[in-house]
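Raw contents of final-v3.pdb, PDB, C-alpha atoms:
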```
ATOM      1  CA  MET A  19      -3.988  24.370-143.220
ATOM      2  CA  SER A  20      -3.779  20.817-141.872
ATOM      3  CA  ALA A  21      -0.919  18.454-142.748
ATOM      4  CA  PRO A  22      -1.578  15.798-145.429
ATOM      5  CA  PRO A  23      -2.407  12.319-144.059
ATOM      6  CA  LYS A  24       0.567  10.021-143.540
ATOM      7  CA  PRO A  25       1.025   6.989-145.809
ATOM      8  CA  LYS A  26      -0.425   3.806-144.271
ATOM      9  CA  ALA A  27       2.927   2.037-144.204
ATOM     10  CA  GLU A  28       4.432   4.846-142.152
ATOM     11  CA  LEU A  29       1.515   4.814-139.700
ATOM     12  CA  ASP A  30       1.768   1.055-139.313
ATOM     13  CA  ALA A  31       5.486   1.221-138.653
ATOM     14  CA  GLU A  32       4.883   3.872-136.011
ATOM     15  CA  PHE A  33       2.126   1.840-134.405
ATOM     16  CA  ALA A  34       4.406  -1.200-134.281
ATOM     17  CA  GLU A  35       7.018   0.959-132.546
ATOM     18  CA  LEU A  36       4.439   2.251-130.036
ATOM     19  CA  TYR A  37       3.396  -1.323-129.310
ATOM     20  CA  ARG A  38       6.990  -2.512-128.850
ATOM     21  CA  SER A  39       7.913   0.430-126.615
ATOM     22  CA  HIS A  40       4.876   0.340-124.347
ATOM     23  CA  LEU A  41       3.653  -3.237-124.165
ATOM     24  CA  ARG A  42       5.265  -3.631-120.733
ATOM     25  CA  ASP A  43       3.840  -0.294-119.523
ATOM     26  CA  VAL A  44       0.297  -1.199-120.517
ATOM     27  CA  TYR A  45       0.629  -4.694-119.098
ATOM     28  CA  SER A  46       2.078  -3.440-115.796
ATOM     29  CA  TYR A  47      -0.672  -0.854-115.470
ATOM     30  CA  ALA A  48      -3.344  -3.466-116.226
ATOM     31  CA  TYR A  49      -1.846  -5.966-113.828
ATOM     32  CA  TYR A  50      -1.569  -3.623-110.851
ATOM     33  CA  ARG A  51      -4.951  -2.112-111.608
ATOM     34  CA  ILE A  52      -6.820  -5.424-111.897
ATOM     35  CA  GLY A  53      -4.696  -7.825-109.896
ATOM     36  CA  ASN A  54      -4.557 -10.967-112.011
ATOM     37  CA  HIS A  55      -2.653 -11.985-115.110
ATOM     38  CA  HIS A  56      -5.590 -13.373-117.055
ATOM     39  CA  ASP A  57      -7.655 -10.194-117.060
ATOM     40  CA  ALA A  58      -4.518  -8.058-117.386
ATOM     41  CA  GLU A  59      -3.770  -9.835-120.676
ATOM     42  CA  ASP A  60      -7.288  -9.181-121.935
ATOM     43  CA  LEU A  61      -7.130  -5.546-120.916
ATOM     44  CA  THR A  62      -3.734  -5.124-122.616
ATOM     45  CA  GLU A  63      -5.046  -6.688-125.798
ATOM     46  CA  GLN A  64      -8.163  -4.521-125.831
ATOM     47  CA  THR A  65      -6.081  -1.422-125.168
ATOM     48  CA  PHE A  66      -3.841  -1.995-128.181
ATOM     49  CA  LEU A  67      -6.745  -2.888-130.438
ATOM     50  CA  GLN A  68      -8.547   0.298-129.516
ATOM     51  CA  ALA A  69      -5.313   2.260-129.869
ATOM     52  CA  TYR A  70      -4.855   0.762-133.329
ATOM     53  CA  ARG A  71      -8.296   1.916-134.392
ATOM     54  CA  HIS A  72      -7.721   5.499-133.278
ATOM     55  CA  PHE A  73      -3.987   5.776-133.853
ATOM     56  CA  GLU A  74      -4.065   8.131-136.812
ATOM     57  CA  ARG A  75      -6.321  10.621-135.061
ATOM     58  CA  ALA A  76      -4.313  10.422-131.828
ATOM     59  CA  GLN A  77      -1.119  11.160-133.720
ATOM     60  CA  ARG A  78      -2.698  14.084-135.496
ATOM     61  CA  GLU A  79      -3.995  15.583-132.259
ATOM     62  CA  SER A  80      -0.912  14.903-130.138
ATOM     63  CA  HIS A  81       1.151  17.552-131.977
ATOM     64  CA  GLY A  82       4.286  15.480-131.485
ATOM     65  CA  ARG A  83       3.796  14.853-127.757
ATOM     66  CA  PRO A  84       4.442  11.290-126.485
ATOM     67  CA  LEU A  85       1.494   8.931-126.870
ATOM     68  CA  ARG A  86       2.035   6.948-123.679
ATOM     69  CA  PRO A  87      -0.472   9.002-121.632
ATOM     70  CA  TRP A  88      -3.088   8.461-124.360
ATOM     71  CA  LEU A  89      -2.405   4.716-124.326
ATOM     72  CA  ILE A  90      -2.678   4.541-120.530
ATOM     73  CA  ARG A  91      -5.870   6.596-120.640
ATOM     74  CA  ILE A  92      -7.399   3.976-122.946
ATOM     75  CA  ALA A  93      -6.365   1.269-120.473
ATOM     76  CA  HIS A  94      -7.780   3.380-117.628
ATOM     77  CA  ASN A  95     -11.173   3.718-119.364
ATOM     78  CA  LEU A  96     -11.290   0.010-120.178
ATOM     79  CA  ALA A  97     -10.401  -0.881-116.587
ATOM     80  CA  ALA A  98     -13.204   1.383-115.358
ATOM     81  CA  ASN A  99     -15.633  -0.459-117.683
ATOM     82  CA  TYR A 100     -14.301  -3.761-116.392
ATOM     83  CA  TYR A 101     -15.222  -2.878-112.810
ATOM     84  CA  ARG A 102     -18.519  -1.306-113.749
ATOM     85  CA  ASP A 103     -19.604  -4.306-115.822
ATOM     86  CA  ARG A 104     -18.542  -6.947-113.360
ATOM     87  CA  SER A 105     -18.920  -4.983-110.106
ATOM     88  CA  ARG A 106     -15.523  -6.217-108.996
ATOM     89  CA  ARG A 107     -12.809  -4.732-106.878
ATOM     90  CA  PRO A 108      -9.141  -5.388-107.663
ATOM     91  CA  GLN A 109      -7.633  -8.557-106.272
ATOM     92  CA  THR A 110      -4.470  -8.331-104.216
ATOM     93  CA  PRO A 111      -1.542  -8.756-106.617
ATOM     94  CA  ILE A 112       0.665 -10.231-103.923
ATOM     95  CA  ASP A 113      -1.516 -13.372-103.957
ATOM     96  CA  ASP A 114       0.176 -14.233-107.196
ATOM     97  CA  THR A 115       3.882 -14.430-106.505
ATOM     98  CA  ASP A 116       4.756 -14.225-110.212
ATOM     99  CA  ALA A 117       4.297 -10.492-109.949
ATOM    100  CA  LEU A 118       7.185 -10.229-107.543
ATOM    101  CA  THR A 119       9.506 -12.942-108.760
ATOM    102  CA  ALA A 120       9.767 -11.547-112.271
ATOM    103  CA  PRO A 121      11.220  -8.105-111.585
ATOM    104  CA  HIS A 122      12.939  -8.735-108.225
ATOM    105  CA  THR A 123      16.116 -10.622-107.314
ATOM    106  CA  THR A 124      15.793 -13.504-104.849
ATOM    107  CA  GLU A 125      17.871 -11.613-102.298
ATOM    108  CA  ALA A 126      15.681  -8.524-102.468
ATOM    109  CA  LEU A 127      12.582 -10.674-102.198
ATOM    110  CA  VAL A 128      13.667 -12.425 -99.015
ATOM    111  CA  GLU A 129      14.980  -9.185 -97.529
ATOM    112  CA  GLY A 130      11.853  -7.064 -97.779
ATOM    113  CA  ARG A 131       9.053  -9.366 -98.702
ATOM    114  CA  ASP A 132       6.785  -8.547 -95.769
ATOM    115  CA  GLU A 133       7.302  -4.858 -96.255
ATOM    116  CA  LEU A 134       6.595  -5.037 -99.993
ATOM    117  CA  GLN A 135       3.494  -7.094 -99.289
ATOM    118  CA  ARG A 136       2.214  -4.496 -96.835
ATOM    119  CA  ILE A 137       2.809  -1.769 -99.397
ATOM    120  CA  LEU A 138       1.012  -3.628-102.181
ATOM    121  CA  GLU A 139      -1.931  -4.361 -99.911
ATOM    122  CA  GLY A 140      -1.942  -0.712 -98.891
ATOM    123  CA  VAL A 141      -1.975   0.398-102.528
ATOM    124  CA  ASN A 142      -5.139  -1.644-103.035
ATOM    125  CA  GLU A 143      -6.828   0.101-100.128
ATOM    126  CA  LEU A 144      -6.350   3.534-101.672
ATOM    127  CA  PRO A 145      -9.157   5.300-103.538
ATOM    128  CA  ASP A 146      -9.045   4.550-107.282
ATOM    129  CA  ASP A 147      -7.516   7.845-108.413
ATOM    130  CA  ARG A 148      -4.728   7.721-105.813
ATOM    131  CA  ARG A 149      -3.940   4.092-106.591
ATOM    132  CA  GLU A 150      -3.769   4.848-110.307
ATOM    133  CA  ALA A 151      -1.510   7.826-109.835
ATOM    134  CA  LEU A 152       0.937   5.725-107.804
ATOM    135  CA  ILE A 153       0.910   2.913-110.366
ATOM    136  CA  MET A 154       1.675   5.394-113.142
ATOM    137  CA  ARG A 155       4.471   7.047-111.181
ATOM    138  CA  PHE A 156       6.187   4.023-109.657
ATOM    139  CA  ALA A 157       5.392   1.076-111.943
ATOM    140  CA  LEU A 158       5.550   3.005-115.222
ATOM    141  CA  GLY A 159       7.936   5.801-114.243
ATOM    142  CA  MET A 160       5.665   8.518-115.665
ATOM    143  CA  ASP A 161       6.348  12.131-114.714
ATOM    144  CA  ASN A 162       3.718  14.556-113.377
ATOM    145  CA  ARG A 163       2.885  15.939-116.795
ATOM    146  CA  GLU A 164       2.335  12.510-118.339
ATOM    147  CA  ILE A 165       0.179  11.411-115.401
ATOM    148  CA  ALA A 166      -1.820  14.626-115.656
ATOM    149  CA  ARG A 167      -2.521  13.952-119.348
ATOM    150  CA  ALA A 168      -3.439  10.321-118.705
ATOM    151  CA  MET A 169      -5.843  11.263-115.904
ATOM    152  CA  GLY A 170      -7.237  14.405-117.520
ATOM    153  CA  ARG A 171      -6.084  16.694-114.669
ATOM    154  CA  THR A 172      -3.877  19.723-114.374
ATOM    155  CA  ASP A 173      -0.192  19.358-113.494
ATOM    156  CA  GLY A 174      -0.815  21.040-110.135
ATOM    157  CA  ALA A 175      -3.749  18.807-109.220
ATOM    158  CA  THR A 176      -1.681  15.758-110.166
ATOM    159  CA  LYS A 177       1.189  16.833-107.939
ATOM    160  CA  VAL A 178      -1.205  17.198-104.999
ATOM    161  CA  LEU A 179      -2.848  13.863-105.805
ATOM    162  CA  LEU A 180       0.508  12.052-105.813
ATOM    163  CA  HIS A 181       1.574  13.688-102.565
ATOM    164  CA  ARG A 182      -1.676  12.767-100.809
ATOM    165  CA  ALA A 183      -1.595   9.240-102.203
ATOM    166  CA  THR A 184       1.920   8.665-100.874
ATOM    167  CA  ARG A 185       1.110  10.105 -97.443
ATOM    168  CA  GLN A 186      -2.084   8.045 -97.151
ATOM    169  CA  LEU A 187      -0.216   4.917 -98.158
ATOM    170  CA  GLU A 188       2.459   5.568 -95.526
ATOM    171  CA  GLN A 189      -0.285   5.793 -92.907
ATOM    172  CA  ILE A 190      -1.896   2.560 -94.060
ATOM    173  CA  VAL A 191       1.453   0.749 -94.013
ATOM    174  CA  LYS A 192       2.235   2.064 -90.505
ATOM    175  CA  GLU A 193      -1.135   0.858 -89.259
ATOM    176  CA  ARG A 194      -0.492  -2.535 -90.759
ATOM    177  CA  GLU A 195       2.929  -2.720 -89.119
ATOM    178  CA  LYS A 196       1.365  -1.981 -85.749
ATOM    179  CA  THR A 197      -1.328  -4.608 -86.081
ATOM    180  CA  GLY A 198       1.276  -7.066 -87.369
TER
ATOM    181  CA  MET B  21       5.490  14.232 -90.422
ATOM    182  CA  MET B  22       8.193  12.091 -92.004
ATOM    183  CA  SER B  23      11.709  13.386 -92.556
ATOM    184  CA  GLU B  24      12.927  13.859 -96.125
ATOM    185  CA  SER B  25      15.176  10.802 -95.933
ATOM    186  CA  ALA B  26      12.317   8.668 -94.586
ATOM    187  CA  GLU B  27      10.132   9.886 -97.440
ATOM    188  CA  PHE B  28      12.850   8.999 -99.915
ATOM    189  CA  GLU B  29      13.234   5.528 -98.405
ATOM    190  CA  PHE B  30       9.497   4.966 -98.581
ATOM    191  CA  GLU B  31       9.476   5.935-102.245
ATOM    192  CA  VAL B  32      12.321   3.508-102.911
ATOM    193  CA  LEU B  33      10.269   0.732-101.299
ATOM    194  CA  LEU B  34       7.210   1.774-103.265
ATOM    195  CA  ARG B  35       9.203   1.610-106.482
ATOM    196  CA  ARG B  36      10.326  -1.924-105.579
ATOM    197  CA  ALA B  37       6.816  -3.027-104.608
ATOM    198  CA  LEU B  38       5.394  -1.708-107.882
ATOM    199  CA  ALA B  39       8.198  -2.969-110.101
ATOM    200  CA  PRO B  40       7.190  -3.291-113.785
ATOM    201  CA  VAL B  41       5.653  -6.654-114.650
ATOM    202  CA  GLU B  42       6.876  -8.388-117.793
ATOM    203  CA  PRO B  43       3.987  -9.561-119.976
ATOM    204  CA  PRO B  44       3.804 -13.327-120.578
ATOM    205  CA  SER B  45       5.962 -14.438-123.493
ATOM    206  CA  ASP B  46       2.945 -15.385-125.586
ATOM    207  CA  MET B  47       1.337 -11.964-125.099
ATOM    208  CA  SER B  48       2.605 -10.426-128.329
ATOM    209  CA  GLU B  49       1.870 -13.612-130.302
ATOM    210  CA  ARG B  50      -1.743 -13.504-129.086
ATOM    211  CA  LEU B  51      -2.148  -9.872-129.952
ATOM    212  CA  GLU B  52      -0.663 -10.405-133.403
ATOM    213  CA  THR B  53      -3.083 -13.278-133.977
ATOM    214  CA  THR B  54      -5.941 -10.956-133.097
ATOM    215  CA  LEU B  55      -4.652  -8.418-135.614
ATOM    216  CA  ALA B  56      -4.380 -11.196-138.185
ATOM    217  CA  ASN B  57      -8.007 -12.143-137.467
ATOM    218  CA  LEU B  58      -9.009  -8.555-138.114
ATOM    219  CA  THR B  59      -7.261  -8.800-141.480
ATOM    220  CA  GLU B  60      -9.089 -12.025-142.286
ATOM    221  CA  LEU B  61     -12.437 -10.543-141.287
ATOM    222  CA  ALA B  62     -11.822  -7.673-143.659
ATOM    223  CA  ALA B  63     -10.917 -10.096-146.468
ATOM    224  CA  ASP B  64     -14.030 -12.224-145.843
ATOM    225  CA  GLU B  65     -16.192  -9.153-146.010
ATOM    226  CA  LEU B  66     -14.781  -8.344-149.419
ATOM    227  CA  GLU B  67     -15.245 -11.903-150.697
ATOM    228  CA  SER B  68     -18.839 -12.160-149.549
ATOM    229  CA  TRP B  69     -19.778  -8.884-151.153
ATOM    230  CA  GLU B  70     -21.892  -9.446-154.226
ATOM    231  CA  LEU B  71     -20.296  -7.984-157.295
ATOM    232  CA  GLY B  72     -23.682  -6.776-158.510
ATOM    233  CA  ALA B  73     -24.017  -4.535-155.512
ATOM    234  CA  MET B  74     -20.720  -2.897-156.396
ATOM    235  CA  ARG B  75     -22.240  -1.228-159.426
ATOM    236  CA  ASP B  76     -24.153   1.090-157.111
ATOM    237  CA  PRO B  77     -21.698   3.641-155.647
ATOM    238  CA  ARG B  78     -23.838   3.878-152.492
ATOM    239  CA  ASN B  79     -22.664   0.331-151.646
ATOM    240  CA  TRP B  80     -18.952   1.078-151.937
ATOM    241  CA  VAL B  81     -18.397   2.311-148.378
ATOM    242  CA  ARG B  82     -18.217  -1.052-146.587
ATOM    243  CA  PRO B  83     -15.841  -2.800-149.018
ATOM    244  CA  VAL B  84     -13.576   0.254-149.020
ATOM    245  CA  ALA B  85     -13.536   0.219-145.203
ATOM    246  CA  ALA B  86     -12.729  -3.504-145.276
ATOM    247  CA  THR B  87      -9.804  -2.861-147.615
ATOM    248  CA  VAL B  88      -8.430  -0.198-145.324
ATOM    249  CA  VAL B  89      -8.678  -2.406-142.209
ATOM    250  CA  GLY B  90      -7.132  -5.323-144.062
ATOM    251  CA  THR B  91      -4.215  -3.324-145.369
ATOM    252  CA  THR B  92      -3.302  -1.537-142.154
ATOM    253  CA  ALA B  93      -3.722  -4.524-139.850
ATOM    254  CA  GLY B  94      -1.749  -6.685-142.253
ATOM    255  CA  ALA B  95       1.157  -4.301-142.555
ATOM    256  CA  ALA B  96       1.352  -3.756-138.802
ATOM    257  CA  LEU B  97       1.296  -7.491-138.329
ATOM    258  CA  VAL B  98       4.251  -7.979-140.638
ATOM    259  CA  LEU B  99       6.333  -5.572-138.573
ATOM    260  CA  LEU B 100       5.286  -6.974-135.212
ATOM    261  CA  ARG B 101       5.885 -10.599-136.176
ATOM    262  CA  ALA B 102       9.246  -9.823-137.694
ATOM    263  CA  ARG B 103      10.288  -8.001-134.508
ATOM    264  CA  ALA B 104       9.084 -10.827-132.269
ATOM    265  CA  ARG B 105      11.106 -13.358-134.230
ATOM    266  CA  ALA B 106      14.177 -11.175-134.282
ATOM    267  CA  LYS B 107      13.918 -10.942-130.468
ATOM    268  CA  ARG B 108      13.701 -14.701-130.013
ATOM    269  CA  ARG B 109      16.806 -15.371-132.104
ATOM    270  CA  ARG B 110      20.372 -14.750-131.031
ATOM    271  CA  PRO B 111      22.151 -13.962-134.300
ATOM    272  CA  ASP B 112      25.905 -14.454-134.644
ATOM    273  CA  SER B 113      26.558 -11.014-136.042
ATOM    274  CA  ALA B 114      24.885  -7.733-136.875
ATOM    275  CA  LEU B 115      24.906  -8.705-140.566
ATOM    276  CA  ASP B 116      23.160 -12.010-139.816
ATOM    277  CA  ALA B 117      20.590 -10.100-137.798
ATOM    278  CA  ALA B 118      19.895  -7.648-140.606
ATOM    279  CA  GLU B 119      19.644 -10.449-143.164
ATOM    280  CA  LYS B 120      17.305 -12.497-140.969
ATOM    281  CA  ALA B 121      15.139  -9.473-140.181
ATOM    282  CA  LEU B 122      14.775  -8.736-143.905
ATOM    283  CA  ARG B 123      13.906 -12.373-144.646
ATOM    284  CA  ASP B 124      11.290 -12.258-141.881
ATOM    285  CA  VAL B 125       9.682  -9.137-143.258
ATOM    286  CA  PHE B 126       9.512 -10.573-146.795
ATOM    287  CA  GLY B 127       8.288 -13.934-145.500
ATOM    288  CA  GLU B 128       5.492 -12.416-143.461
ATOM    289  CA  ALA B 129       4.493 -10.119-146.311
ATOM    290  CA  ARG B 130       4.287 -13.140-148.650
ATOM    291  CA  LYS B 131       2.081 -15.050-146.173
ATOM    292  CA  LEU B 132      -0.330 -12.155-145.928
ATOM    293  CA  LEU B 133      -0.514 -11.794-149.701
ATOM    294  CA  GLU B 134      -1.218 -15.542-150.081
ATOM    295  CA  ARG B 135      -4.273 -15.351-147.777
TER
END
```

Reformat the file's structure so that it appears as C-alpha cells.
Amino acid sequence: MSAPPKPKAELDAEFAELYRSHLRDVYSYAYYRIGNHHDAEDLTEQTFLQAYRHFERAQRESHGRPLRPWLIRIAHNLAANYYRDRSRRPQTPIDDTDALTAPHTTEALVEGRDELQRILEGVNELPDDRREALIMRFALGMDNREIARAMGRTDGATKVLLHRATRQLEQIVKEREKTG
Amino acid sequence: MMSESAEFEFEVLLRRALAPVEPPSDMSERLETTLANLTELAADELESWELGAMRDPRNWVRPVAATVVGTTAGAALVLLRARARAKRRRPDSALDAAEKALRDVFGEARKLLER
C-alpha cells in the first residue's frame, strides 16, 4: 500500500529547503557546463521550475535518497537541449574572470593562475560525459553513487569514467604545458 | 603513469580550478519572481473562467489545476522570500532573528492573500 500524499505546506517547505541547499550546486554545474553567467542563470531557473513541477513525484520515487542527483539530471537534460537547439559548444569559462575571483583568494589566483587556466581549458576539450563527471565530482563534490544516479550509469561504470576523464585531462594539460 | 602523490596533486589543482561558483545575488530574487508569476497566472486563469461553465463538472479540471499551482507556488514563495530576507539582515540576537523571520513569513503570506 502506498503512503498517503503529503500536505502541500510540507511539500513546499521541503522544496524551499532543496532550493536553498542546492542553488549553488545547480548554478555551478550550469556555469561550468555552459561557460557564461547569463545562460547559466537561465538554466538554473529552468531547472528549479521543472523540479518544482515534478517535486512530489520525485520525492515519492526517491525512497528517502538525496534529491541532488535528480536535480542535476534535470540540469543535464536542459543543458543537452540547450546545445541541441542552438548548436553551440561551451565557451571557455576562464574568459570570464568572475568565475575564478569569487571562490579563490588573490594569493591562490596569482600563484597558479596559468595552471588553473590550462586545466579549465582542458576540461572543455573533454568529451561531454567525461567533462560532466569531473564537474560533478570536483565542482559539486558528488560521490560516485550520486554521479552514477545523475548520469544514469552504474557505480562501476562511473568509477571508470571518472578515472579515464582525469587521466585524459592530465594528458591534455601536459600537452598544453609543452606547447606553452 | 603518474605516481600516487602526483595524482593527488593533480586532483587538488582540479578541485581549485573547478571551485564552486556563487550564483549572482539577484538569482534567488529572480527565481522567486518567476514563481510569483506562476501564482498570478493561476489566479488569472481562475478569474477569467466563466462561472456558467463551472456548472458542468467536465469543466472543473482546469480551475482546480490553477488552484493547485497557485497554492503551492505561493506557499513556496513565502518561504523562499522570508529566507532571502533573513540572509540579507544581520540581526542583533537570535531572538531578533526569530521575531524578524516570523514577521517576514506573515508579511509575505499577507501579500499573497491580497493579490

For this session: Just give me the gap between atom CA of A:Thr172 and atom CA of A:Pro87 in Å, one decimal is fine.
Result: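 Distance reported for this atom pair: 13.4 Å.
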
For this session: Mind listing whatever residues come within 10 Å of the point (3.9, -2.0, -97.8)? Use all atoms listed in the file, file coordinates, and give them as a count of residues only.
Result: 23

Exercise. Separation of atom CA of A:Leu180 and atom CA of A:Arg155, in Å?
Worked result: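 Taking atom CA of A:Leu180 and atom CA of A:Arg155, their separation equals 8.3 Å.
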
Problem set entry | Chain and number of each residue from the PyMOL selection byres ((chain A) within 8 of (chain B)), as a ChimeraX atom specification | /A:26-27,30-31,33-34,38,41-43,45-46,49-50,59,63,67,117-118,120-122,134-135,137-138,153,156-158,188

Problem set entry | Two-atom distance - atom CA of A:Ile92, atom CA of A:Arg149 (Å) | 16.7 Å

5 Å per side around stretch 28-44 of chain B: axis-aligned box centre and edge lengths, as AutoDock Vina command-line options:
```
--center_x 8.5 --center_y -2.2 --center_z -109.5 --size_x 19.4 --size_y 32.3 --size_z 32.2
```

Exercise. Skipping near chain neighbours, those fewer than 6 positions away, what residues fall within 8 Å of stretch 73-86 of chain A using only C-alpha atoms, listed as a ChimeraX atom specification?
Worked result: /A:29,33,36,40,164

Exercise. What residues come out when you apply the PyMOL selection byres ((chain A and resi 150) around 9) to this file, written as a list of chain:residue names?
Worked result: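 Against this file, the PyMOL selection byres ((chain A and resi 150) around 9) returns the residues A:Tyr47, A:Tyr50, A:Arg51, A:His94, A:Pro145, A:Asp146, A:Asp147, A:Arg148, A:Arg149, A:Ala151, A:Leu152, A:Ile153, A:Met154, A:Arg155, A:Met169.
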
Exercise. Of the candidates A:Gly53, A:Arg163, A:Pro22, A:Trp88, which one gets nearest to A:Tyr101 if we count only C-alpha atoms?
Worked result: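 Using only C-alpha atoms, A:Tyr101 sits closest to A:Gly53.
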
Save stretch 150-166 of chain A of the structure in the block above to a file, with C-alpha atoms included, as a PDB file, in the first residue's frame.
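Output below, filename result.pdb:
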```
ATOM      1  CA  GLU A 150      30.249  16.364 -16.781  1.00  0.00           C
ATOM      2  CA  ALA A 151      31.578  13.688 -14.486  1.00  0.00           C
ATOM      3  CA  LEU A 152      34.510  15.910 -13.492  1.00  0.00           C
ATOM      4  CA  ILE A 153      32.250  18.910 -12.888  1.00  0.00           C
ATOM      5  CA  MET A 154      30.017  16.811 -10.639  1.00  0.00           C
ATOM      6  CA  ARG A 155      32.951  15.382  -8.704  1.00  0.00           C
ATOM      7  CA  PHE A 156      35.133  18.462  -8.297  1.00  0.00           C
ATOM      8  CA  ALA A 157      32.794  21.467  -8.515  1.00  0.00           C
ATOM      9  CA  LEU A 158      29.859  19.876  -6.685  1.00  0.00           C
ATOM     10  CA  GLY A 159      31.704  17.350  -4.520  1.00  0.00           C
ATOM     11  CA  MET A 160      29.382  14.491  -5.515  1.00  0.00           C
ATOM     12  CA  ASP A 161      30.452  10.932  -4.728  1.00  0.00           C
ATOM     13  CA  ASN A 162      30.474   8.065  -7.252  1.00  0.00           C
ATOM     14  CA  ARG A 163      26.999   6.892  -6.335  1.00  0.00           C
ATOM     15  CA  GLU A 164      25.447  10.340  -6.725  1.00  0.00           C
ATOM     16  CA  ILE A 165      27.198  10.872 -10.062  1.00  0.00           C
ATOM     17  CA  ALA A 166      26.035   7.453 -11.225  1.00  0.00           C
TER      18      ALA A 166
END
```
